[in-house]
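Everything below belongs to data01.cif, which stores mmCIF, C-alpha atoms.
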```cif
data_data
#
loop_
_atom_site.label_atom_id
_atom_site.label_comp_id
_atom_site.auth_asym_id
_atom_site.auth_seq_id
_atom_site.Cartn_x
_atom_site.Cartn_y
_atom_site.Cartn_z
CA MET A 20 21.68 -22.88 -32.43
CA PRO A 21 22.63 -20.46 -29.70
CA ASN A 22 23.82 -17.01 -30.60
CA ARG A 23 27.63 -17.33 -30.36
CA ILE A 24 28.28 -13.59 -30.18
CA ALA A 25 26.37 -13.21 -26.93
CA PHE A 26 27.40 -16.62 -25.61
CA ASP A 27 29.93 -15.56 -23.03
CA PRO A 28 28.92 -16.27 -19.41
CA ALA A 29 32.34 -15.41 -17.93
CA GLY A 30 32.28 -12.11 -19.78
CA TRP A 31 28.75 -11.44 -18.59
CA LEU A 32 29.80 -11.99 -15.00
CA HIS A 33 32.70 -9.59 -15.44
CA ASP A 34 30.75 -6.92 -17.28
CA TYR A 35 27.31 -7.06 -15.70
CA GLY A 36 27.69 -8.99 -12.42
CA ASP A 37 28.11 -5.89 -10.25
CA SER A 38 25.31 -3.83 -11.72
CA LEU A 39 22.85 -6.74 -11.54
CA TYR A 40 23.95 -7.39 -7.97
CA ARG A 41 23.36 -3.75 -7.00
CA TYR A 42 19.94 -3.80 -8.60
CA ALA A 43 18.98 -6.87 -6.56
CA LEU A 44 20.63 -5.76 -3.32
CA LEU A 45 18.84 -2.46 -3.27
CA ARG A 46 15.56 -4.28 -3.49
CA VAL A 47 15.88 -7.49 -1.53
CA ARG A 48 18.33 -6.08 1.06
CA SER A 49 20.07 -9.40 1.64
CA GLU A 50 23.51 -10.00 0.16
CA THR A 51 22.99 -13.77 -0.05
CA ILE A 52 19.63 -13.47 -1.79
CA ALA A 53 20.97 -10.79 -4.15
CA GLU A 54 23.89 -13.09 -5.10
CA ASP A 55 21.49 -15.96 -5.71
CA LEU A 56 19.36 -13.74 -7.92
CA VAL A 57 22.41 -12.76 -9.99
CA GLN A 58 23.21 -16.42 -10.48
CA GLU A 59 19.62 -17.26 -11.41
CA THR A 60 19.54 -14.36 -13.85
CA PHE A 61 22.64 -15.59 -15.67
CA LEU A 62 21.36 -19.17 -15.73
CA ALA A 63 17.98 -18.03 -17.07
CA GLY A 64 19.89 -15.93 -19.62
CA LEU A 65 21.85 -18.99 -20.76
CA GLN A 66 18.67 -20.99 -21.14
CA SER A 67 16.82 -18.37 -23.10
CA LEU A 68 19.71 -17.12 -25.21
CA SER A 69 17.82 -17.91 -28.38
CA SER A 70 15.20 -15.32 -27.43
CA PHE A 71 17.81 -12.56 -27.16
CA ASN A 72 17.02 -9.79 -29.55
CA GLU A 73 20.26 -8.31 -30.83
CA GLN A 74 18.65 -4.92 -31.15
CA SER A 75 18.69 -4.57 -27.38
CA SER A 76 21.94 -4.62 -25.40
CA ILE A 77 22.87 -7.68 -23.37
CA LYS A 78 22.83 -5.50 -20.28
CA THR A 79 19.23 -4.38 -20.87
CA TRP A 80 18.21 -7.92 -21.65
CA LEU A 81 19.81 -9.35 -18.49
CA LEU A 82 18.37 -6.53 -16.41
CA GLY A 83 14.93 -7.41 -17.77
CA ILE A 84 15.43 -10.99 -16.59
CA MET A 85 16.63 -9.73 -13.18
CA LYS A 86 13.54 -7.54 -12.78
CA HIS A 87 11.33 -10.59 -13.26
CA LYS A 88 13.44 -12.59 -10.80
CA VAL A 89 13.10 -9.88 -8.14
CA MET A 90 9.34 -9.59 -8.65
CA ASP A 91 8.99 -13.39 -8.47
CA TYR A 92 10.97 -13.32 -5.26
CA PHE A 93 8.66 -10.69 -3.73
CA ARG A 94 5.53 -12.51 -4.88
CA HIS A 95 6.84 -15.71 -3.38
CA GLN A 96 7.62 -13.92 -0.10
CA TYR A 97 4.29 -12.25 0.30
CA ASN A 98 1.71 -14.93 0.00
CA LYS A 99 -1.66 -13.98 1.41
CA THR A 100 -1.32 -15.38 4.95
CA GLU A 101 2.06 -13.80 5.59
CA SER A 102 1.00 -10.48 4.24
CA LEU A 103 -2.14 -10.22 6.39
CA ALA A 104 -0.31 -11.29 9.53
CA ALA A 105 2.31 -8.63 8.92
CA TYR A 106 -0.30 -5.89 8.61
CA ASP A 107 -1.84 -6.89 11.91
CA ASP A 108 1.57 -6.27 13.43
CA ALA A 109 1.55 -2.95 11.66
CA ALA A 110 -1.57 -1.89 13.55
CA ASP A 111 0.25 -2.52 16.83
CA LEU A 112 3.09 -0.27 15.72
CA SER A 113 0.87 2.80 15.82
CA ALA A 114 -0.48 1.87 19.27
CA GLU A 115 3.09 2.26 20.58
CA GLN A 116 3.21 5.90 19.59
CA PHE A 117 -0.29 7.25 20.31
CA ASP A 118 -2.36 7.31 23.49
CA GLY A 119 -5.97 6.18 23.76
CA HIS A 120 -7.19 9.54 22.42
CA GLY A 121 -5.00 9.34 19.33
CA HIS A 122 -2.48 11.96 20.51
CA TRP A 123 1.29 11.55 20.36
CA LYS A 124 2.59 9.88 23.50
CA GLU A 125 5.83 11.80 23.18
CA ASN A 126 6.53 15.20 21.67
CA ILE A 127 7.91 15.23 18.15
CA LYS A 128 11.18 17.09 18.33
CA HIS A 129 12.71 19.12 15.56
CA TRP A 130 15.33 17.30 13.42
CA LYS A 131 18.44 19.19 12.50
CA THR A 132 19.30 18.01 9.02
CA PRO A 133 22.31 19.93 7.76
CA GLU A 134 23.60 19.12 4.27
CA LYS A 135 26.57 17.21 5.71
CA THR A 136 24.25 14.60 7.28
CA LEU A 137 23.88 12.90 3.91
CA HIS A 138 27.66 12.53 3.62
CA ASP A 139 28.02 10.95 7.04
CA GLU A 140 28.74 7.20 6.82
CA GLN A 141 27.50 6.65 10.34
CA PHE A 142 24.19 8.27 9.48
CA TRP A 143 23.67 5.86 6.57
CA LYS A 144 24.60 2.92 8.73
CA ILE A 145 21.87 3.88 11.19
CA TYR A 146 19.42 4.38 8.32
CA GLN A 147 20.16 0.89 6.98
CA GLN A 148 19.75 -0.59 10.43
CA CYS A 149 16.42 1.17 10.89
CA LEU A 150 15.26 -0.06 7.49
CA SER A 151 16.24 -3.59 8.39
CA ARG A 152 14.17 -3.36 11.59
CA LEU A 153 11.03 -2.80 9.57
CA PRO A 154 8.89 -5.81 8.88
CA GLU A 155 10.11 -7.26 5.58
CA ASN A 156 7.06 -6.27 3.53
CA MET A 157 7.17 -2.68 4.77
CA ALA A 158 10.78 -2.26 3.72
CA THR A 159 9.96 -3.72 0.32
CA LEU A 160 7.08 -1.31 0.00
CA PHE A 161 9.47 1.57 0.57
CA VAL A 162 11.81 0.41 -2.13
CA LEU A 163 9.07 -0.35 -4.64
CA ARG A 164 7.59 3.12 -4.24
CA ALA A 165 10.72 5.21 -3.80
CA VAL A 166 13.27 3.48 -5.99
CA ASP A 167 11.25 1.61 -8.59
CA ASP A 168 8.47 4.18 -8.87
CA LEU A 169 5.93 1.40 -9.00
CA SER A 170 2.34 2.65 -8.94
CA ALA A 171 0.19 1.99 -5.87
CA GLU A 172 -1.77 -0.60 -7.85
CA GLN A 173 1.39 -2.40 -8.95
CA CYS A 174 2.67 -2.47 -5.35
CA CYS A 175 -0.60 -4.02 -4.21
CA GLN A 176 -0.22 -6.69 -6.84
CA VAL A 177 3.36 -7.57 -5.92
CA LEU A 178 2.78 -7.53 -2.17
CA ASN A 179 -0.62 -9.16 -2.32
CA ILE A 180 -2.48 -6.25 -0.71
CA ALA A 181 -6.20 -6.09 -1.47
CA THR A 182 -6.80 -2.33 -1.77
CA THR A 183 -4.73 0.80 -2.23
CA ASN A 184 -6.18 2.12 1.05
CA GLN A 185 -4.60 -0.79 2.89
CA LEU A 186 -1.37 -0.02 1.09
CA TYR A 187 -1.44 3.61 2.24
CA VAL A 188 -2.07 2.56 5.83
CA ALA A 189 0.81 0.10 5.66
CA LEU A 190 3.08 2.82 4.25
CA SER A 191 2.04 5.18 7.00
CA ARG A 192 2.89 2.58 9.66
CA ALA A 193 6.24 1.88 8.04
CA ARG A 194 7.06 5.59 8.06
CA LEU A 195 6.04 5.92 11.70
CA LYS A 196 8.37 3.14 12.65
CA LEU A 197 11.25 4.30 10.51
CA ARG A 198 10.91 7.85 11.82
CA GLN A 199 10.87 6.65 15.39
CA CYS A 200 13.99 4.56 14.85
CA MET A 201 15.91 7.41 13.19
CA ASP A 202 14.76 9.75 15.93
CA THR A 203 15.99 7.47 18.72
CA TYR A 204 19.26 6.33 17.20
CA TRP A 205 20.39 9.42 15.33
CA PHE A 206 18.60 12.71 15.84
CA MET A 207 18.15 12.59 19.61
CA LYS A 208 21.67 11.25 20.07
CA GLU A 209 23.38 14.16 18.38
CA MET B 1236 -11.39 17.42 14.45
CA LEU B 1237 -8.71 14.92 13.49
CA THR B 1238 -6.58 13.19 16.11
CA CYS B 1239 -2.81 13.11 15.59
CA LYS B 1240 -3.05 9.42 14.76
CA GLN B 1241 -5.54 10.16 11.95
CA ALA B 1242 -3.56 13.19 10.79
CA VAL B 1243 -0.40 11.09 10.52
CA ASP B 1244 -2.10 8.62 8.18
CA LEU B 1245 -3.52 11.42 6.04
CA ALA B 1246 -0.14 13.17 5.94
CA SER B 1247 1.51 9.96 4.77
CA THR B 1248 -1.20 9.29 2.19
CA SER B 1249 -0.89 12.86 0.90
CA LEU B 1250 2.65 11.94 -0.21
CA GLU B 1251 1.19 9.15 -2.33
CA THR B 1252 -1.99 10.50 -3.83
CA PRO B 1253 -4.00 13.75 -3.81
CA LEU B 1254 -6.42 13.71 -0.86
CA PRO B 1255 -10.12 14.41 -1.38
CA ARG B 1256 -10.87 18.08 -0.69
CA TRP B 1257 -12.57 17.48 2.64
CA GLN B 1258 -9.63 15.44 4.03
CA ARG B 1259 -7.19 18.00 2.69
CA TRP B 1260 -8.93 20.71 4.70
CA GLN B 1261 -9.11 18.54 7.81
CA LEU B 1262 -5.40 17.85 7.58
CA ARG B 1263 -4.55 21.49 6.93
CA LEU B 1264 -6.59 22.56 9.94
CA HIS B 1265 -4.92 19.98 12.15
CA LEU B 1266 -1.45 20.99 10.97
CA LEU B 1267 -2.23 24.64 11.69
CA MET B 1268 -2.86 23.77 15.28
CA CYS B 1269 -0.42 20.92 15.92
CA ARG B 1270 3.30 21.59 15.71
CA HIS B 1271 4.12 17.94 16.39
CA CYS B 1272 2.30 16.79 13.29
CA ARG B 1273 3.86 19.66 11.31
CA ARG B 1274 7.28 18.41 12.34
CA TYR B 1275 6.24 14.86 11.56
CA LEU B 1276 5.24 15.76 8.01
CA LYS B 1277 8.53 17.60 7.49
CA GLN B 1278 10.40 14.54 8.70
CA LEU B 1279 8.44 12.32 6.31
CA HIS B 1280 9.65 14.48 3.43
CA PHE B 1281 13.20 14.06 4.66
CA LEU B 1282 12.82 10.27 4.92
CA ARG B 1283 11.58 10.20 1.36
CA GLN B 1284 14.68 12.05 0.19
CA LEU B 1285 16.78 9.40 1.90
CA SER B 1286 15.34 6.46 -0.02
CA VAL B 1287 16.13 8.24 -3.27
CA ALA B 1288 19.63 9.25 -2.12
CA MET B 1289 20.35 5.66 -1.19
CA LYS B 1290 20.00 4.73 -4.83
CA SER B 1291 23.07 6.74 -5.80
CA ARG B 1292 25.06 5.65 -2.75
CA ILE B 1293 24.84 1.98 -3.65
CA LYS B 1294 26.72 2.53 -6.93
CA THR B 1295 30.09 1.65 -5.36
CA ILE B 1296 29.00 -1.79 -4.14
CA GLY B 1297 29.77 -4.98 -6.09
CA LEU B 1298 29.82 -8.77 -5.87
CA SER B 1299 32.33 -10.22 -3.40
CA VAL B 1300 35.21 -12.32 -4.77
CA ALA B 1301 33.76 -15.45 -3.17
CA ALA B 1302 30.31 -14.86 -4.70
CA ARG B 1303 31.87 -14.12 -8.09
CA GLU B 1304 33.82 -17.39 -8.01
CA ARG B 1305 30.80 -19.35 -6.91
CA ILE B 1306 28.63 -17.97 -9.70
CA ALA B 1307 31.38 -18.47 -12.30
CA LYS B 1308 31.70 -22.11 -11.24
CA LYS B 1309 27.95 -22.63 -11.45
CA LEU B 1310 27.81 -21.08 -14.91
CA GLN B 1311 30.64 -23.27 -16.15
CA GLN B 1312 28.86 -26.39 -14.90
CA HIS B 1313 25.73 -25.49 -16.80
CA PRO B 1314 25.13 -27.79 -19.79
CA ASP B 1315 24.25 -24.88 -22.10
CA THR B 1316 27.66 -23.31 -21.51
CA GLY B 1317 29.29 -25.96 -23.69
CA LEU B 1318 32.65 -25.63 -21.91
#
```

Structure translated into C-alpha coordinates:
Amino acid sequence: MPNRIAFDPAGWLHDYGDSLYRYALLRVRSETIAEDLVQETFLAGLQSLSSFNEQSSIKTWLLGIMKHKVMDYFRHQYNKTESLAAYDDAADLSAEQFDGHGHWKENIKHWKTPEKTLHDEQFWKIYQQCLSRLPENMATLFVLRAVDDLSAEQCCQVLNIATTNQLYVALSRARLKLRQCMDTYWFMKE
Amino acid sequence: MLTCKQAVDLASTSLETPLPRWQRWQLRLHLLMCRHCRRYLKQLHFLRQLSVAMKSRIKTIGLSVAARERIAKKLQQHPDTGL
(Lines of atoms letter the chains of each structure in order from A and count residues from 1; the text may use other names and numbers.)
(Lines give C-alpha, C1' and ligand atoms only; values in the text may rest on other atoms or scores of the structure.)
Protein backbone atom coordinates (compact mmCIF):
# COMPACT_ATOMS: atom_id res chain seq x y z
CA MET A 1 0.00 0.00 0.00
CA PRO A 2 1.56 3.26 -1.08
CA ASN A 3 2.15 5.98 1.45
CA ARG A 4 -0.84 8.31 0.93
CA ILE A 5 0.71 11.28 2.72
CA ALA A 6 3.56 11.54 0.24
CA PHE A 7 1.45 10.44 -2.72
CA ASP A 8 1.02 13.76 -4.45
CA PRO A 9 2.75 14.02 -7.86
CA ALA A 10 1.13 17.35 -8.79
CA GLY A 11 2.25 18.81 -5.49
CA TRP A 12 5.73 17.42 -6.00
CA LEU A 13 5.96 19.10 -9.38
CA HIS A 14 4.85 22.40 -7.86
CA ASP A 15 7.09 22.21 -4.81
CA TYR A 16 10.22 20.51 -6.08
CA GLY A 17 10.11 20.73 -9.91
CA ASP A 18 12.23 23.88 -10.13
CA SER A 19 14.92 22.88 -7.68
CA LEU A 20 15.33 19.43 -9.27
CA TYR A 21 15.44 21.07 -12.68
CA ARG A 22 18.18 23.48 -11.57
CA TYR A 23 20.18 20.64 -10.10
CA ALA A 24 20.04 18.76 -13.41
CA LEU A 25 20.54 21.79 -15.64
CA LEU A 26 23.69 22.85 -13.87
CA ARG A 27 25.15 19.45 -14.51
CA VAL A 28 23.92 18.27 -17.88
CA ARG A 29 23.74 21.78 -19.44
CA SER A 30 20.86 20.92 -21.75
CA GLU A 31 17.36 22.16 -20.94
CA THR A 32 15.69 19.24 -22.73
CA ILE A 33 17.78 16.62 -20.97
CA ALA A 34 17.31 18.36 -17.60
CA GLU A 35 13.51 18.35 -18.13
CA ASP A 36 13.60 14.67 -19.02
CA LEU A 37 15.59 13.93 -15.89
CA VAL A 38 13.03 15.75 -13.74
CA GLN A 39 10.29 13.65 -15.29
CA GLU A 40 12.26 10.43 -14.80
CA THR A 41 12.95 11.37 -11.19
CA PHE A 42 9.27 11.85 -10.42
CA LEU A 43 8.33 8.63 -12.21
CA ALA A 44 11.02 6.71 -10.33
CA GLY A 45 9.74 8.35 -7.14
CA LEU A 46 6.21 7.15 -7.86
CA GLN A 47 7.44 3.63 -8.47
CA SER A 48 9.52 3.42 -5.34
CA LEU A 49 7.21 5.32 -3.01
CA SER A 50 7.07 2.36 -0.66
CA SER A 51 10.79 2.76 0.00
CA PHE A 52 10.36 6.37 1.12
CA ASN A 53 11.56 6.79 4.64
CA GLU A 54 9.40 9.37 6.38
CA GLN A 55 12.32 10.46 8.50
CA SER A 56 13.85 12.16 5.48
CA SER A 57 12.07 14.97 3.65
CA ILE A 58 10.48 14.32 0.28
CA LYS A 59 12.80 16.91 -1.20
CA THR A 60 15.92 15.11 0.04
CA TRP A 61 14.54 11.81 -1.12
CA LEU A 62 13.71 13.10 -4.62
CA LEU A 63 17.07 14.83 -4.85
CA GLY A 64 18.74 11.52 -4.01
CA ILE A 65 16.89 9.92 -6.93
CA MET A 66 17.89 12.82 -9.20
CA LYS A 67 21.56 12.44 -8.26
CA HIS A 68 21.45 8.82 -9.37
CA LYS A 69 19.68 9.78 -12.60
CA VAL A 70 22.35 12.38 -13.42
CA MET A 71 25.19 9.96 -12.68
CA ASP A 72 23.51 7.28 -14.82
CA TYR A 73 23.21 9.82 -17.59
CA PHE A 74 26.93 10.66 -17.41
CA ARG A 75 27.93 7.00 -17.26
CA HIS A 76 25.79 6.29 -20.28
CA GLN A 77 27.34 9.23 -22.15
CA TYR A 78 30.92 8.35 -21.47
CA ASN A 79 31.35 4.80 -22.53
CA LYS A 80 34.96 3.80 -23.09
CA THR A 81 35.25 4.43 -26.84
CA GLU A 82 33.74 7.91 -26.69
CA SER A 83 35.82 8.92 -23.75
CA LEU A 84 39.14 7.88 -25.31
CA ALA A 85 38.32 9.55 -28.62
CA ALA A 86 37.51 12.76 -26.80
CA TYR A 87 40.84 12.79 -24.98
CA ASP A 88 42.70 12.40 -28.26
CA ASP A 89 40.98 15.58 -29.36
CA ALA A 90 42.11 17.09 -26.10
CA ALA A 91 45.75 16.51 -27.02
CA ASP A 92 45.22 18.52 -30.21
CA LEU A 93 43.84 21.41 -28.20
CA SER A 94 47.20 22.05 -26.57
CA ALA A 95 49.01 21.88 -29.94
CA GLU A 96 46.96 24.94 -30.99
CA GLN A 97 48.45 27.06 -28.24
CA PHE A 98 52.10 25.97 -28.00
CA ASP A 99 54.88 25.90 -30.57
CA GLY A 100 57.13 22.93 -31.26
CA HIS A 101 59.36 23.86 -28.30
CA GLY A 102 56.44 23.96 -25.86
CA HIS A 103 56.35 27.77 -25.59
CA TRP A 104 53.19 29.86 -25.83
CA LYS A 105 52.46 30.79 -29.43
CA GLU A 106 50.88 34.03 -28.27
CA ASN A 107 51.61 36.16 -25.23
CA ILE A 108 49.27 35.73 -22.28
CA LYS A 109 47.83 39.14 -21.59
CA HIS A 110 46.72 40.41 -18.23
CA TRP A 111 42.97 40.07 -17.48
CA LYS A 112 41.26 42.97 -15.83
CA THR A 113 38.70 41.42 -13.53
CA PRO A 114 36.96 44.15 -11.57
CA GLU A 115 34.26 43.11 -9.09
CA LYS A 116 31.51 44.30 -11.44
CA THR A 117 32.47 41.68 -14.05
CA LEU A 118 30.62 39.02 -12.07
CA HIS A 119 27.43 41.10 -12.18
CA ASP A 120 27.56 41.59 -15.92
CA GLU A 121 24.94 39.49 -17.75
CA GLN A 122 26.89 39.66 -20.97
CA PHE A 123 29.96 38.27 -19.25
CA TRP A 124 28.02 35.23 -18.03
CA LYS A 125 26.54 34.70 -21.45
CA ILE A 126 30.03 34.52 -22.93
CA TYR A 127 31.12 32.19 -20.13
CA GLN A 128 28.20 29.83 -20.85
CA GLN A 129 28.99 29.90 -24.55
CA CYS A 130 32.65 29.11 -23.88
CA LEU A 131 31.63 26.24 -21.59
CA SER A 132 29.34 24.87 -24.26
CA ARG A 133 32.22 24.92 -26.77
CA LEU A 134 34.17 22.50 -24.63
CA PRO A 135 33.96 18.86 -25.55
CA GLU A 136 31.04 17.42 -23.56
CA ASN A 137 33.16 15.33 -21.17
CA MET A 138 35.43 18.26 -20.34
CA ALA A 139 32.52 20.46 -19.38
CA THR A 140 31.12 17.67 -17.22
CA LEU A 141 34.48 17.30 -15.56
CA PHE A 142 34.40 20.96 -14.63
CA VAL A 143 31.00 20.66 -13.04
CA LEU A 144 31.78 17.44 -11.20
CA ARG A 145 34.90 18.94 -9.65
CA ALA A 146 33.78 22.51 -9.05
CA VAL A 147 30.10 22.16 -8.21
CA ASP A 148 29.70 18.64 -6.91
CA ASP A 149 33.09 18.45 -5.19
CA LEU A 150 33.51 14.92 -6.45
CA SER A 151 36.93 13.45 -5.70
CA ALA A 152 39.35 12.80 -8.57
CA GLU A 153 38.75 9.07 -8.17
CA GLN A 154 34.98 9.49 -8.31
CA CYS A 155 35.28 11.65 -11.46
CA CYS A 156 37.37 8.94 -13.11
CA GLN A 157 34.70 6.41 -12.30
CA VAL A 158 31.83 8.49 -13.69
CA LEU A 159 33.67 9.57 -16.83
CA ASN A 160 35.35 6.24 -17.42
CA ILE A 161 38.91 7.59 -17.18
CA ALA A 162 41.56 5.01 -16.31
CA THR A 163 43.90 7.00 -14.04
CA THR A 164 43.81 10.24 -12.08
CA ASN A 165 46.82 11.44 -14.11
CA GLN A 166 44.74 11.22 -17.27
CA LEU A 167 42.02 13.13 -15.47
CA TYR A 168 44.43 15.92 -14.53
CA VAL A 169 45.67 16.19 -18.10
CA ALA A 170 42.09 16.35 -19.37
CA LEU A 171 41.28 19.08 -16.83
CA SER A 172 44.35 21.03 -17.88
CA ARG A 173 43.29 20.86 -21.55
CA ALA A 174 39.76 21.94 -20.67
CA ARG A 175 41.12 24.93 -18.77
CA LEU A 176 43.40 25.88 -21.64
CA LYS A 177 40.49 25.90 -24.01
CA LEU A 178 38.12 27.71 -21.70
CA ARG A 179 40.75 30.34 -20.92
CA GLN A 180 41.45 30.89 -24.58
CA CYS A 181 37.75 31.30 -25.35
CA MET A 182 37.19 33.79 -22.52
CA ASP A 183 40.32 35.65 -23.56
CA THR A 184 39.18 35.99 -27.19
CA TYR A 185 35.53 36.77 -26.63
CA TRP A 186 35.62 38.83 -23.46
CA PHE A 187 38.92 40.05 -22.09
CA MET A 188 40.58 41.12 -25.33
CA LYS A 189 37.35 42.67 -26.57
CA GLU A 190 36.97 45.06 -23.67
CA MET B 1 63.83 23.35 -17.20
CA LEU B 2 60.10 23.04 -17.82
CA THR B 3 58.52 24.27 -21.04
CA CYS B 4 55.40 26.44 -20.79
CA LYS B 5 53.33 23.52 -22.02
CA GLN B 6 54.59 21.34 -19.15
CA ALA B 7 54.26 24.18 -16.65
CA VAL B 8 50.63 24.72 -17.65
CA ASP B 9 49.77 21.09 -16.90
CA LEU B 10 51.56 21.22 -13.55
CA ALA B 11 49.86 24.52 -12.68
CA SER B 12 46.47 23.00 -13.44
CA THR B 13 47.24 19.83 -11.50
CA SER B 14 48.43 21.91 -8.54
CA LEU B 15 44.83 23.15 -8.23
CA GLU B 16 43.68 19.55 -7.84
CA THR B 17 46.28 17.83 -5.72
CA PRO B 18 49.55 18.70 -3.95
CA LEU B 19 52.46 18.24 -6.37
CA PRO B 20 55.47 16.13 -5.41
CA ARG B 21 58.24 18.34 -4.03
CA TRP B 22 60.44 18.12 -7.11
CA GLN B 23 57.62 19.19 -9.47
CA ARG B 24 56.62 21.95 -7.09
CA TRP B 25 60.13 23.40 -7.30
CA GLN B 26 60.25 23.02 -11.07
CA LEU B 27 56.97 24.87 -11.39
CA ARG B 28 58.02 27.58 -8.96
CA LEU B 29 61.24 28.12 -10.86
CA HIS B 30 59.41 28.33 -14.17
CA LEU B 31 56.86 30.79 -12.77
CA LEU B 32 59.65 32.98 -11.44
CA MET B 33 60.99 33.36 -14.91
CA CYS B 34 57.84 33.29 -17.06
CA ARG B 35 55.28 36.05 -16.67
CA HIS B 36 52.96 34.41 -19.21
CA CYS B 37 52.61 31.29 -17.11
CA ARG B 38 52.22 33.45 -13.98
CA ARG B 39 49.32 35.21 -15.65
CA TYR B 40 47.94 31.89 -16.82
CA LEU B 41 47.88 30.49 -13.29
CA LYS B 42 46.16 33.63 -12.01
CA GLN B 43 43.55 33.26 -14.73
CA LEU B 44 42.99 29.62 -13.79
CA HIS B 45 42.16 30.73 -10.26
CA PHE B 46 39.67 33.21 -11.67
CA LEU B 47 38.04 30.55 -13.87
CA ARG B 48 37.65 28.34 -10.83
CA GLN B 49 35.84 31.12 -8.99
CA LEU B 50 33.45 31.37 -11.93
CA SER B 51 32.29 27.75 -11.79
CA VAL B 52 31.43 28.21 -8.12
CA ALA B 53 29.72 31.57 -8.70
CA MET B 54 27.61 30.01 -11.42
CA LYS B 55 26.04 27.77 -8.81
CA SER B 56 24.42 30.72 -7.05
CA ARG B 57 23.43 32.44 -10.29
CA ILE B 58 21.32 29.51 -11.45
CA LYS B 59 18.98 29.84 -8.45
CA THR B 60 16.50 32.02 -10.39
CA ILE B 61 15.96 29.51 -13.19
CA GLY B 62 12.97 27.14 -13.25
CA LEU B 63 10.99 24.73 -15.43
CA SER B 64 9.21 26.33 -18.40
CA VAL B 65 5.39 26.27 -18.45
CA ALA B 66 5.43 23.87 -21.41
CA ALA B 67 7.81 21.46 -19.65
CA ARG B 68 5.78 21.66 -16.46
CA GLU B 69 2.57 20.78 -18.32
CA ARG B 70 4.25 17.95 -20.17
CA ILE B 71 5.62 16.41 -16.99
CA ALA B 72 2.29 16.86 -15.16
CA LYS B 73 0.51 15.05 -17.98
CA LYS B 74 3.02 12.21 -17.93
CA LEU B 75 2.68 11.83 -14.17
CA GLN B 76 -1.09 11.72 -14.39
CA GLN B 77 -0.94 8.99 -17.02
CA HIS B 78 1.24 6.85 -14.81
CA PRO B 79 -0.62 3.79 -13.46
CA ASP B 80 0.76 4.28 -9.93
CA THR B 81 -0.81 7.74 -9.74
CA GLY B 82 -4.25 6.19 -9.35
CA LEU B 83 -5.99 9.26 -10.82

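Here CA of Lys1240 in chain B is placed at a distance of 6.6 Å from CA of Phe117 in chain A.
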
Please report as a tab-separated table every residue of chain B lying within 6 Å of chain A, along with the nearest atom pair and their distance in Å (one decimal), using only C-alpha atoms.
```
residue	atom	partner	partner_atom	distance
B:Thr1238	CA	A:Gly121	CA	5.3
B:Cys1239	CA	A:His122	CA	5.1
B:Lys1240	CA	A:Gly121	CA	5.0
B:Asp1244	CA	A:Ser191	CA	5.5
B:Ser1247	CA	A:Ser191	CA	5.3
B:Thr1248	CA	A:Tyr187	CA	5.7
B:His1271	CA	A:Ile127	CA	5.0
B:Gly1297	CA	A:Asp37	CA	4.6
B:Leu1298	CA	A:Asp37	CA	5.5
B:Ile1306	CA	A:Gln58	CA	5.7
```

For the residues selected in the previous step, produce a file with C-alpha atoms as a PDB file, keeping the file's coordinate frame.
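result17.pdb was written with the following content:
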```pdb
ATOM      1  CA  THR B1238      -6.580  13.190  16.110  1.00  0.00           C
ATOM      2  CA  CYS B1239      -2.810  13.110  15.590  1.00  0.00           C
ATOM      3  CA  LYS B1240      -3.050   9.420  14.760  1.00  0.00           C
ATOM      4  CA  ASP B1244      -2.100   8.620   8.180  1.00  0.00           C
ATOM      5  CA  SER B1247       1.510   9.960   4.770  1.00  0.00           C
ATOM      6  CA  THR B1248      -1.200   9.290   2.190  1.00  0.00           C
ATOM      7  CA  HIS B1271       4.120  17.940  16.390  1.00  0.00           C
ATOM      8  CA  GLY B1297      29.770  -4.980  -6.090  1.00  0.00           C
ATOM      9  CA  LEU B1298      29.820  -8.770  -5.870  1.00  0.00           C
ATOM     10  CA  ILE B1306      28.630 -17.970  -9.700  1.00  0.00           C
TER      11      ILE B1306
END
```

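Restricting the calculation to only C-alpha atoms, the smallest distance between Leu160 in chain A and any of A:Lys144, A:Arg46, A:Lys124, A:Lys88 is found for A:Arg46.
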
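Using all atoms listed in the file, the nearest neighbour of Asp91 in chain A within the list A:Gln176, A:Ser69, A:Thr79, A:Ser49 is A:Gln176.
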
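Of note, CA of Lys1309 in chain B and CA of Gly83 in chain A are spaced 21.0 Å apart.
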
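Relative to CA of Met1289 in chain B, CA of Asp34 in chain A is found at 22.9 Å.
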
Kindly provide, as AutoDock Vina command-line options, the centre and edge lengths (Å, one decimal) of an axis-aligned box around all atoms of range 1270-1285 of chain B given in the file, with 4 Å on each side.
```
--center_x 9.5 --center_y 15.5 --center_z 8.3 --size_x 22.5 --size_y 20.2 --size_z 24.2
```
